[in-house]
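Enquirer: Just query23.txt, nothing more (compact mmCIF, C-alpha atoms):
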```
# COMPACT_ATOMS: atom_id res chain seq x y z
CA MET A 1 131.20 119.43 94.26
CA LEU A 2 133.21 116.30 94.98
CA LEU A 3 132.06 113.29 96.92
CA ASP A 4 133.81 112.71 100.19
CA LEU A 5 134.49 108.97 100.45
CA SER A 6 135.52 107.57 103.83
CA GLU A 7 138.39 105.08 104.18
CA GLU A 8 135.98 102.29 105.03
CA HIS A 9 133.93 103.11 101.96
CA LYS A 10 137.02 103.05 99.73
CA GLU A 11 137.97 99.68 101.20
CA HIS A 12 134.57 98.23 100.35
CA LEU A 13 134.76 99.56 96.83
CA ALA A 14 138.27 98.11 96.41
CA PHE A 15 136.59 94.78 95.73
CA LEU A 16 135.16 96.03 92.43
CA PRO A 17 138.35 96.09 90.28
CA ARG A 18 139.03 92.48 91.33
CA VAL A 19 136.06 91.19 89.34
CA GLU A 20 135.03 91.48 85.70
CA SER A 21 133.04 94.45 84.36
CA ALA A 22 130.04 92.24 83.78
CA VAL A 23 130.00 91.39 87.47
CA VAL A 24 130.24 95.08 88.43
CA ALA A 25 127.33 95.82 86.13
CA GLU A 26 125.41 93.03 87.81
CA PHE A 27 126.23 94.46 91.23
CA GLY A 28 124.95 97.80 90.01
CA ARG A 29 121.69 96.20 88.97
CA ILE A 30 121.38 94.47 92.35
CA ALA A 31 122.12 97.75 94.16
CA VAL A 32 119.31 99.58 92.37
CA GLU A 33 116.95 96.66 92.87
CA PHE A 34 117.70 96.72 96.60
CA LEU A 35 116.91 100.44 96.65
CA ARG A 36 113.58 99.70 95.03
CA ARG A 37 112.55 96.64 96.97
CA GLY A 38 114.79 96.29 100.01
CA SER A 39 117.83 94.08 100.40
CA ASN A 40 117.87 90.29 100.09
CA PRO A 41 120.87 88.64 101.80
CA LYS A 42 120.44 85.37 99.85
CA VAL A 43 121.63 87.13 96.72
CA TYR A 44 124.95 87.85 98.41
CA GLU A 45 125.49 84.19 99.24
CA GLY A 46 124.86 83.04 95.67
CA ALA A 47 127.24 85.60 94.23
CA ALA A 48 129.88 84.85 96.91
CA ARG A 49 129.92 81.17 95.99
CA LYS A 50 130.26 81.89 92.27
CA LEU A 51 133.11 84.34 92.85
CA SER A 52 134.86 82.28 95.56
CA VAL A 53 134.86 85.09 98.11
CA SER A 54 133.11 85.58 101.44
CA SER A 55 129.54 86.85 101.31
CA ASP A 56 130.61 89.74 103.55
CA THR A 57 132.93 90.98 100.82
CA VAL A 58 130.15 90.83 98.27
CA GLN A 59 127.79 92.61 100.63
CA HIS A 60 130.28 95.38 101.28
CA GLY A 61 130.91 95.76 97.58
CA VAL A 62 127.23 96.10 96.77
CA GLU A 63 126.58 98.39 99.71
CA GLY A 64 129.55 100.58 98.79
CA LEU A 65 128.21 100.84 95.28
CA THR A 66 124.73 101.65 96.60
CA TYR A 67 126.07 104.42 98.82
CA LEU A 68 128.11 105.84 95.95
CA LEU A 69 125.03 105.97 93.76
CA THR A 70 122.67 107.40 96.39
CA GLU A 71 125.08 110.12 97.53
CA SER A 72 125.78 111.17 93.96
CA SER A 73 122.06 111.21 93.12
CA LYS A 74 121.15 113.06 96.29
CA LEU A 75 123.63 115.87 95.57
CA MET A 76 122.90 115.72 91.85
CA ILE A 77 126.60 116.07 91.09
CA SER A 78 127.70 116.72 87.54
CA GLU A 79 129.37 114.12 85.34
CA LEU A 80 132.71 115.79 85.76
CA ASP A 81 132.46 115.88 89.53
CA PHE A 82 131.45 112.23 89.60
CA GLN A 83 134.42 111.25 87.47
CA ASP A 84 136.78 113.27 89.65
CA SER A 85 135.36 111.73 92.83
CA VAL A 86 135.79 108.20 91.52
CA PHE A 87 139.25 108.97 90.14
CA VAL A 88 140.74 108.90 93.68
CA LEU A 89 139.86 105.23 93.93
CA GLY A 90 142.45 104.43 91.29
CA PHE A 91 140.25 102.23 89.17
CA SER A 92 140.77 101.42 85.50
CA GLU A 93 139.29 103.75 82.92
CA GLU A 94 136.85 101.05 81.84
CA LEU A 95 135.56 100.66 85.40
CA ASN A 96 135.26 104.45 85.82
CA LYS A 97 133.20 104.68 82.65
CA LEU A 98 130.99 101.84 83.81
CA LEU A 99 130.37 103.52 87.17
CA LEU A 100 129.56 106.84 85.48
CA GLN A 101 127.08 105.14 83.18
CA LEU A 102 125.50 103.39 86.13
CA TYR A 103 125.11 106.76 87.86
CA LEU A 104 123.59 108.55 84.87
CA ASP A 105 121.23 105.72 84.00
CA ASN A 106 119.77 105.36 87.47
CA ARG A 107 119.99 108.87 88.86
CA LYS A 108 116.41 109.88 88.15
CA GLU A 109 114.88 106.78 89.64
CA ILE A 110 117.07 106.92 92.73
CA ARG A 111 116.05 110.54 93.29
CA THR A 112 112.40 109.52 93.08
CA ILE A 113 112.97 106.83 95.70
CA LEU A 114 114.86 109.28 97.94
CA SER A 115 112.05 111.83 97.70
CA GLU A 116 109.76 109.32 99.34
CA LEU A 117 111.90 109.45 102.47
CA ALA A 118 111.03 113.06 103.23
CA PRO A 119 108.80 113.92 106.21
CA ASP A 120 105.44 113.30 104.84
CA LEU A 121 102.00 114.80 105.01
CA PRO A 122 99.14 113.00 103.40
CA SER A 123 99.24 113.88 99.74
CA TYR A 124 96.46 114.29 97.25
CA HIS A 125 95.61 111.28 95.13
CA ASN A 126 92.13 111.74 93.69
CA LEU A 127 88.78 113.41 94.21
CA GLU A 128 85.31 112.03 93.46
CA TRP A 129 82.15 114.07 93.73
CA ARG A 130 78.40 113.60 93.72
CA LEU A 131 75.44 115.99 93.73
CA ASP A 132 72.78 115.31 96.34
CA VAL A 133 69.51 116.97 97.28
CA GLN A 134 68.18 116.38 100.77
CA LEU A 135 64.42 116.01 100.62
CA ALA A 136 63.49 115.29 104.22
CA SER A 137 64.88 114.42 107.59
CA ARG A 138 63.44 113.12 110.82
CA CYS A 139 62.99 116.66 112.08
CA LEU A 140 61.84 118.44 108.93
CA ARG A 141 59.85 117.30 105.92
CA GLN A 142 59.59 118.74 102.41
CA GLN A 143 63.09 120.12 102.10
CA ILE A 144 65.11 120.96 99.04
CA LYS A 145 68.67 121.20 100.29
CA PRO A 146 71.37 120.76 97.63
CA ALA A 147 74.73 119.44 98.71
CA VAL A 148 77.90 118.22 97.07
CA THR A 149 79.37 115.03 98.50
CA ILE A 150 83.10 114.65 97.98
CA LYS A 151 85.36 111.64 98.43
CA LEU A 152 88.94 112.77 98.87
CA HIS A 153 91.60 110.10 98.31
CA LEU A 154 94.91 110.68 100.07
CA ASN A 155 98.22 108.81 100.21
CA GLN A 156 100.62 108.71 103.10
CA ASN A 157 103.71 106.52 103.21
CA GLY A 158 102.08 104.15 100.78
CA ASP A 159 98.86 103.92 102.76
CA HIS A 160 95.73 104.90 100.98
CA SER A 161 93.03 106.68 102.91
CA SER A 162 89.83 108.33 101.86
CA LYS A 163 87.62 110.88 103.54
CA VAL A 164 84.00 111.53 102.70
CA LEU A 165 82.99 115.16 103.09
CA GLN A 166 80.13 117.39 102.16
CA THR A 167 79.71 120.99 101.20
CA ASP A 168 77.04 123.37 99.99
CA PRO A 169 76.98 125.05 96.55
CA ALA A 170 78.14 128.45 97.85
CA THR A 171 81.16 126.98 99.62
CA LEU A 172 81.98 124.90 96.54
CA LEU A 173 82.25 128.04 94.44
CA HIS A 174 84.35 129.65 97.16
CA LEU A 175 86.70 126.62 97.21
CA VAL A 176 87.14 126.75 93.43
CA GLN A 177 87.86 130.47 93.53
CA GLN A 178 90.41 130.20 96.34
CA LEU A 179 92.27 127.26 94.80
CA GLU A 180 92.37 128.91 91.39
CA GLN A 181 94.03 131.88 93.07
CA ALA A 182 96.54 129.48 94.58
CA LEU A 183 97.40 128.15 91.13
CA GLU A 184 97.69 131.67 89.73
CA GLU A 185 100.27 132.55 92.37
CA MET A 186 102.99 130.54 90.64
CA LYS A 187 102.65 132.76 87.60
CA THR A 188 103.20 136.02 89.45
CA ASN A 189 106.41 138.00 89.04
CA HIS A 190 107.46 137.37 92.61
CA CYS A 191 107.35 133.60 92.28
CA ARG A 192 108.99 133.67 88.88
CA ARG A 193 111.87 135.73 90.28
CA VAL A 194 112.36 133.29 93.15
CA VAL A 195 112.37 130.28 90.83
CA ARG A 196 114.81 131.96 88.49
CA ASN A 197 117.24 132.86 91.23
CA ILE A 198 117.37 129.69 93.27
CA LYS A 199 119.67 127.26 91.53
CA MET B 200 48.87 116.56 112.63
CA GLU B 201 48.93 113.80 115.19
CA LEU B 202 49.88 114.44 118.74
CA SER B 203 49.81 112.24 121.81
CA GLU B 204 46.89 112.30 124.20
CA GLY B 205 48.78 114.08 126.95
CA VAL B 206 49.91 116.80 124.59
CA GLN B 207 46.45 117.21 123.15
CA ARG B 208 44.92 117.56 126.60
CA GLY B 209 47.44 120.20 127.57
CA PHE B 210 46.88 122.09 124.35
CA GLN B 211 43.11 122.00 124.64
CA LEU B 212 43.39 123.25 128.20
CA LEU B 213 45.41 126.17 126.89
CA GLY B 214 42.55 127.08 124.57
CA ASP B 215 39.97 126.92 127.37
CA PRO B 216 38.94 130.47 128.33
CA GLY B 217 38.05 129.17 131.80
CA ALA B 218 41.64 128.08 132.47
CA PHE B 219 43.54 130.76 130.53
CA GLY B 220 42.24 134.26 129.92
CA PRO B 221 43.17 135.94 126.58
CA GLY B 222 46.17 137.73 128.19
CA ALA B 223 47.48 134.53 129.78
CA PHE B 224 46.99 132.60 126.54
CA ALA B 225 49.06 135.11 124.56
CA LEU B 226 51.81 135.06 127.19
CA VAL B 227 52.08 131.27 127.24
CA LEU B 228 52.03 131.15 123.46
CA ARG B 229 54.84 133.68 123.10
CA ALA B 230 56.78 131.96 125.89
CA ALA B 231 56.57 128.69 123.93
CA PHE B 232 58.03 130.30 120.82
CA ARG B 233 60.75 132.00 122.85
CA SER B 234 61.71 128.76 124.56
CA LEU B 235 62.12 127.05 121.23
CA LEU B 236 63.78 129.79 119.25
CA GLY B 237 65.54 131.93 121.84
CA ALA B 238 69.30 131.91 121.73
CA GLN B 239 69.62 130.96 125.36
CA ALA B 240 67.42 128.80 127.55
CA ASP B 241 65.44 131.18 129.68
CA GLU B 242 64.31 129.60 132.92
CA ALA B 243 62.12 132.54 133.80
CA VAL B 244 60.12 132.44 130.58
CA LEU B 245 56.91 131.70 132.46
CA ASP B 246 57.64 134.15 135.28
CA HIS B 247 55.08 136.84 134.68
CA PRO B 248 52.71 138.53 137.13
CA ASP B 249 49.69 137.76 134.90
CA LEU B 250 50.43 134.03 135.10
CA LYS B 251 50.92 133.86 138.87
CA HIS B 252 47.31 132.82 139.53
CA ILE B 253 47.64 129.61 137.47
CA ASP B 254 48.79 126.36 139.06
CA PRO B 255 52.48 125.98 138.06
CA VAL B 256 52.05 122.31 137.12
CA VAL B 257 49.21 123.17 134.75
CA LEU B 258 51.24 126.08 133.40
CA LYS B 259 54.23 123.87 132.65
CA HIS B 260 52.05 121.20 131.05
CA CYS B 261 50.33 123.67 128.73
CA HIS B 262 53.55 125.46 127.84
CA ALA B 263 55.17 122.14 126.92
CA ALA B 264 52.10 121.08 124.95
CA ALA B 265 52.14 124.32 122.99
CA ALA B 266 55.84 123.90 122.22
CA THR B 267 55.29 120.30 121.05
CA CYS B 268 52.44 121.40 118.84
CA ILE B 269 54.53 124.16 117.30
CA LEU B 270 57.37 121.73 116.59
CA GLU B 271 55.05 119.21 114.99
CA ALA B 272 53.51 121.89 112.79
CA GLY B 273 57.00 123.05 111.79
CA LYS B 274 58.14 119.51 111.03
CA GLN B 275 55.14 118.79 108.82
CA ARG B 276 55.35 122.22 107.15
CA ALA B 277 51.74 122.77 108.09
CA ASP B 278 49.98 125.49 106.09
CA LYS B 279 47.43 127.91 107.50
CA SER B 280 44.37 125.77 106.72
CA THR B 281 45.84 122.63 108.34
CA LEU B 282 46.73 124.62 111.42
CA SER B 283 43.32 126.31 111.61
CA SER B 284 41.40 123.06 111.30
CA TYR B 285 43.56 121.43 113.98
CA LEU B 286 43.02 124.39 116.31
CA GLU B 287 39.29 124.26 115.62
CA ASP B 288 39.28 120.58 116.58
CA CYS B 289 40.94 121.62 119.82
CA LYS B 290 38.02 123.95 120.41
CA PHE B 291 40.03 127.16 120.11
CA ASP B 292 37.92 130.26 119.52
CA ARG B 293 38.41 132.43 116.41
CA GLU B 294 40.55 135.01 118.19
CA ARG B 295 42.99 132.45 119.59
CA ILE B 296 43.25 130.71 116.22
CA GLU B 297 44.16 134.02 114.57
CA LEU B 298 46.75 134.81 117.23
CA PHE B 299 48.34 131.37 116.97
CA CYS B 300 48.51 131.53 113.18
CA THR B 301 50.00 135.01 113.20
CA GLU B 302 52.66 134.09 115.74
CA TYR B 303 53.40 130.91 113.81
CA GLN B 304 53.75 132.81 110.55
CA ASN B 305 56.16 135.30 112.13
CA ASN B 306 58.39 132.57 113.50
CA LYS B 307 58.05 130.06 110.66
CA ASN B 308 61.43 130.72 109.03
CA SER B 309 63.43 130.54 112.24
CA LEU B 310 61.58 127.38 113.20
CA GLU B 311 62.30 125.68 109.90
CA THR B 312 65.95 126.70 110.01
CA LEU B 313 66.25 125.27 113.50
CA LEU B 314 64.60 121.98 112.56
CA GLY B 315 66.63 121.70 109.38
CA SER B 316 69.87 122.03 111.29
CA ILE B 317 69.15 119.10 113.59
CA GLY B 318 70.41 115.76 112.41
CA ARG B 319 73.50 113.81 111.50
CA SER B 320 75.44 114.63 108.42
CA LEU B 321 78.88 114.16 106.95
CA PRO B 322 81.64 116.55 108.00
CA HIS B 323 80.87 119.77 106.21
CA ILE B 324 83.61 121.77 104.50
CA THR B 325 83.42 125.40 105.55
CA ASP B 326 86.64 126.91 104.25
CA VAL B 327 89.95 126.23 102.59
CA SER B 328 93.40 127.70 103.18
CA TRP B 329 96.49 127.09 101.12
CA ARG B 330 100.22 127.64 101.27
CA LEU B 331 102.63 127.70 98.38
CA ALA B 332 106.22 126.67 99.07
CA TYR B 333 109.22 126.12 96.88
CA GLN B 334 111.06 122.96 97.85
CA ILE B 335 114.82 123.29 97.73
CA LYS B 336 116.18 120.30 99.58
CA THR B 337 115.62 117.64 102.22
CA ASN B 338 118.29 115.76 104.12
CA GLN B 339 117.82 112.90 101.70
CA LEU B 340 117.59 114.85 98.49
CA HIS B 341 119.26 118.07 97.43
CA LYS B 342 118.43 120.42 94.56
CA MET B 343 114.74 119.59 94.42
CA HIS B 344 113.49 122.92 93.02
CA ARG B 345 109.82 122.40 92.67
CA PRO B 346 106.68 124.15 93.94
CA ALA B 347 104.56 122.37 96.55
CA TYR B 348 101.15 123.31 97.86
CA LEU B 349 99.77 122.61 101.31
CA VAL B 350 95.99 122.72 101.36
CA THR B 351 93.87 122.70 104.53
CA LEU B 352 90.13 122.11 104.47
CA ASN B 353 88.24 123.38 107.52
CA THR B 354 85.30 121.22 108.39
CA GLU B 355 82.42 121.31 110.82
CA SER B 356 80.90 118.18 112.16
CA THR B 357 77.67 117.32 113.97
CA ASP B 358 79.58 115.20 116.47
CA SER B 359 82.24 117.70 117.50
CA GLY B 360 85.34 115.78 118.45
CA SER B 361 86.18 114.48 115.03
CA GLN B 362 88.90 116.19 113.09
CA PRO B 363 88.07 119.78 112.26
CA GLU B 364 90.88 120.12 109.71
CA ILE B 365 92.11 118.01 106.85
CA SER B 366 95.54 118.92 105.52
CA PHE B 367 97.34 117.47 102.57
CA SER B 368 100.16 118.37 100.24
CA CYS B 369 100.02 118.37 96.47
CA THR B 370 102.03 119.29 93.42
CA MET B 371 100.87 121.85 90.91
CA GLU B 372 99.52 119.14 88.61
CA GLN B 373 97.59 117.50 91.42
CA LEU B 374 96.07 120.81 92.46
CA GLN B 375 95.06 121.45 88.85
CA ASP B 376 93.41 118.03 88.79
CA MET B 377 91.53 118.77 92.00
CA VAL B 378 90.38 122.21 90.86
CA GLY B 379 89.29 120.75 87.52
CA LYS B 380 87.11 118.19 89.25
CA LEU B 381 85.59 120.75 91.61
CA LYS B 382 84.79 122.96 88.63
CA ASP B 383 83.04 120.02 86.94
CA ALA B 384 80.94 119.60 90.08
CA SER B 385 79.96 123.26 90.17
CA LYS B 386 79.09 123.25 86.45
CA SER B 387 76.86 120.22 87.00
CA LEU B 388 75.25 122.05 89.87
CA GLU B 389 74.57 125.04 87.64
CA ARG B 390 73.03 122.85 84.98
CA ALA B 391 70.87 121.03 87.52
CA THR B 392 69.46 124.30 88.83
CA GLN B 393 68.44 125.31 85.32
CA LEU B 394 66.34 122.22 84.71
```
Would you mind writing the structure in this file as structure tokens?

Expert:
Amino acid sequence: MLLDLSEEHKEHLAFLPRVESAVVAEFGRIAVEFLRRGSNPKVYEGAARKLSVSSDTVQHGVEGLTYLLTESSKLMISELDFQDSVFVLGFSEELNKLLLQLYLDNRKEIRTILSELAPDLPSYHNLEWRLDVQLASRCLRQQIKPAVTIKLHLNQNGDHSSKVLQTDPATLLHLVQQLEQALEEMKTNHCRRVVRNIK
Amino acid sequence: MELSEGVQRGFQLLGDPGAFGPGAFALVLRAAFRSLLGAQADEAVLDHPDLKHIDPVVLKHCHAAAATCILEAGKQRADKSTLSSYLEDCKFDRERIELFCTEYQNNKNSLETLLGSIGRSLPHITDVSWRLAYQIKTNQLHKMHRPAYLVTLNTESTDSGSQPEISFSCTMEQLQDMVGKLKDASKSLERATQL
């Protein structure tokens, strides 16, 4: 599968052959850093001064590179497809190799970052538990009522939340049994067939 | 067992053969248990031909006093001897003491269950449901190819209005972690019951 690069995108990337490989590598590093942490316009100004070009040009160059990397990572295109996609830009072989290396080195991390953009439900983080026995309450003395108190830690969009819940011994055993069945499901023939056939 | 003056007076009046004959006493006693333990509030619980001759205010007072006494006995987990001595102090005759203790014994379990269920507690997990999906792609990321679980815990809460369901997603490893920890808890529970 080849990447479809728009004319505007190709224009932005046209800046790359005009600078040295070391600078392109640096742009690549900046692009990935911006994906991790968010963009920082000041970096563009510094680079623009050093290279004697407008900061807009630098920004477009970095953004073009970022888009190239994210699209390639998103589609998980093969090495060959990446090389063929970049070939249309008419860059030198050295630059093509550099871009390919940049793609392969950062692909995994970029995919991890992209996966965080998906519509999100709270996800499991950790579970703490405690055994309690209720001995008395305002309405009834001399009780022996066992309970399991659970603190469930969840993550959503970077926010940590925790819920404190309780359950009785019978329900606890029921929970374990049900969730073990859930885990077993992945090992059934049906699921294995699906996994094998979706590529 | 300590009860307020008003309650004590009402209860003693109930035991007085002059105010309540044996039939009336039994009816009021059973009505008190029914009011406390019946599934639905029954407004006509004291509507009985054999109670018509008693002043309704007195009837209500004694019925309420009996109910209060029953609740207090249930709360304190009073045994037969405690009950008997309290009833003796209230000047109940032998027959009425026997009747009260028998009725109390018959209703003891329901009473204790009712009292035990009153009170604030944390949201209580009642059930779990799960869904297994195989993630293929999102609009940001293609070719994902990994299993994902969606787990929903159903909870019950004393203040109804708070969230009855907690849903979260997890990977296979995370679910294994969670199940492992829950199994630790249940093993600890087993060990604790064997002590």

Enquirer: Residues of chain A were defined as contacting chain B if any atom lay at most 8 Å from it, counting all atoms listed in the file; please report them as an MDAnalysis selection string.

Expert: chainID A and resid 73:76 111 114:115 117:118 121:131 137:142 148 154 164:167 169 171:176 178:180 182:183 195 198:199

Enquirer: Between A:Val32, A:Leu68, A:Val58, A:Val23, single out the one closest to His9 (chain A), counting all atoms listed in the file.

Expert: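 Of the candidates, the smallest distance to His9 (chain A) is held by A:Leu68.
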
Enquirer: Enter the distance from CA of Ile296 (chain B) to CA of Leu258 (chain B), in Å, rounded to one decimal.

Expert: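 CA of Ile296 (chain B) sits 19.5 Å away from CA of Leu258 (chain B).
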
Enquirer: So for region 293-304 of chain B, what box centre and size do we get, axis-aligned, 3 Å extra on each of the six sides, every listed atom, Å to one decimal, as lines of an AutoDock Vina configuration file?

Expert:
```
center_x = 46.1
center_y = 132.9
center_z = 115.1
size_x = 21.3
size_y = 10.3
size_z = 15.0
```

Enquirer: From the list B:Asp358, B:Asp246, B:Asp254, B:Asp278, which residue is nearest Thr301 (chain B) when using all atoms listed in the file?

Expert: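 Using all atoms listed in the file, Thr301 (chain B) sits closest to B:Asp278.
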
Enquirer: Just how far from CA of Gly90 (chain A) is CA of Asp56 (chain A), in Å to one decimal?

Expert: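 Atom-to-atom, CA of Asp56 (chain A) to CA of Gly90 (chain A), that is 22.5 Å.
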
Enquirer: What does the distance from CA of Gln334 (chain B) to CA of Asn155 (chain A) come to in Å, to one decimal?

Expert: 19.3 Å

Enquirer: Go through A:Leu99, A:Gln143, A:Lys187, A:Ser161 one by one, measure the shortest atom-to-atom distance of each to Leu13 (chain A) using all atoms listed in the file, and give the residue with the smallest value.

Expert: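 Looking at the shortest contact to Leu13 (chain A), the residue is A:Leu99.
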
Enquirer: Excluding Ser85 (chain A) and any residue of its chain fewer than 6 positions from it, enumerate the residues within 12 Å of it, using only C-alpha atoms, and give them as a list in words.

Expert: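 Result of the neighbour search: Met1, Leu2, Leu3, Asp4, Leu5, Ser6, Lys10, Leu68, Leu69, Glu71, Ser72, Ile77, Ser78, Glu79, Phe91, Asn96, Leu99 and Leu100 of chain A.
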
Enquirer: Please provide the set of residues having any atom within 12 Å of Val53 (chain A), restricted to all atoms listed in the file, with same-chain residues fewer than 6 positions apart removed, written as JSON, numbers by chain.

Expert: {"A": [15, 18, 19, 44, 45, 46, 47, 59, 60, 61]}

Enquirer: My list of candidates is B:Ala266, B:Leu394, B:Cys261, B:Cys300. Which is closest to Phe219 (chain B) when distances are computed with only C-alpha atoms?

Expert: B:Cys261
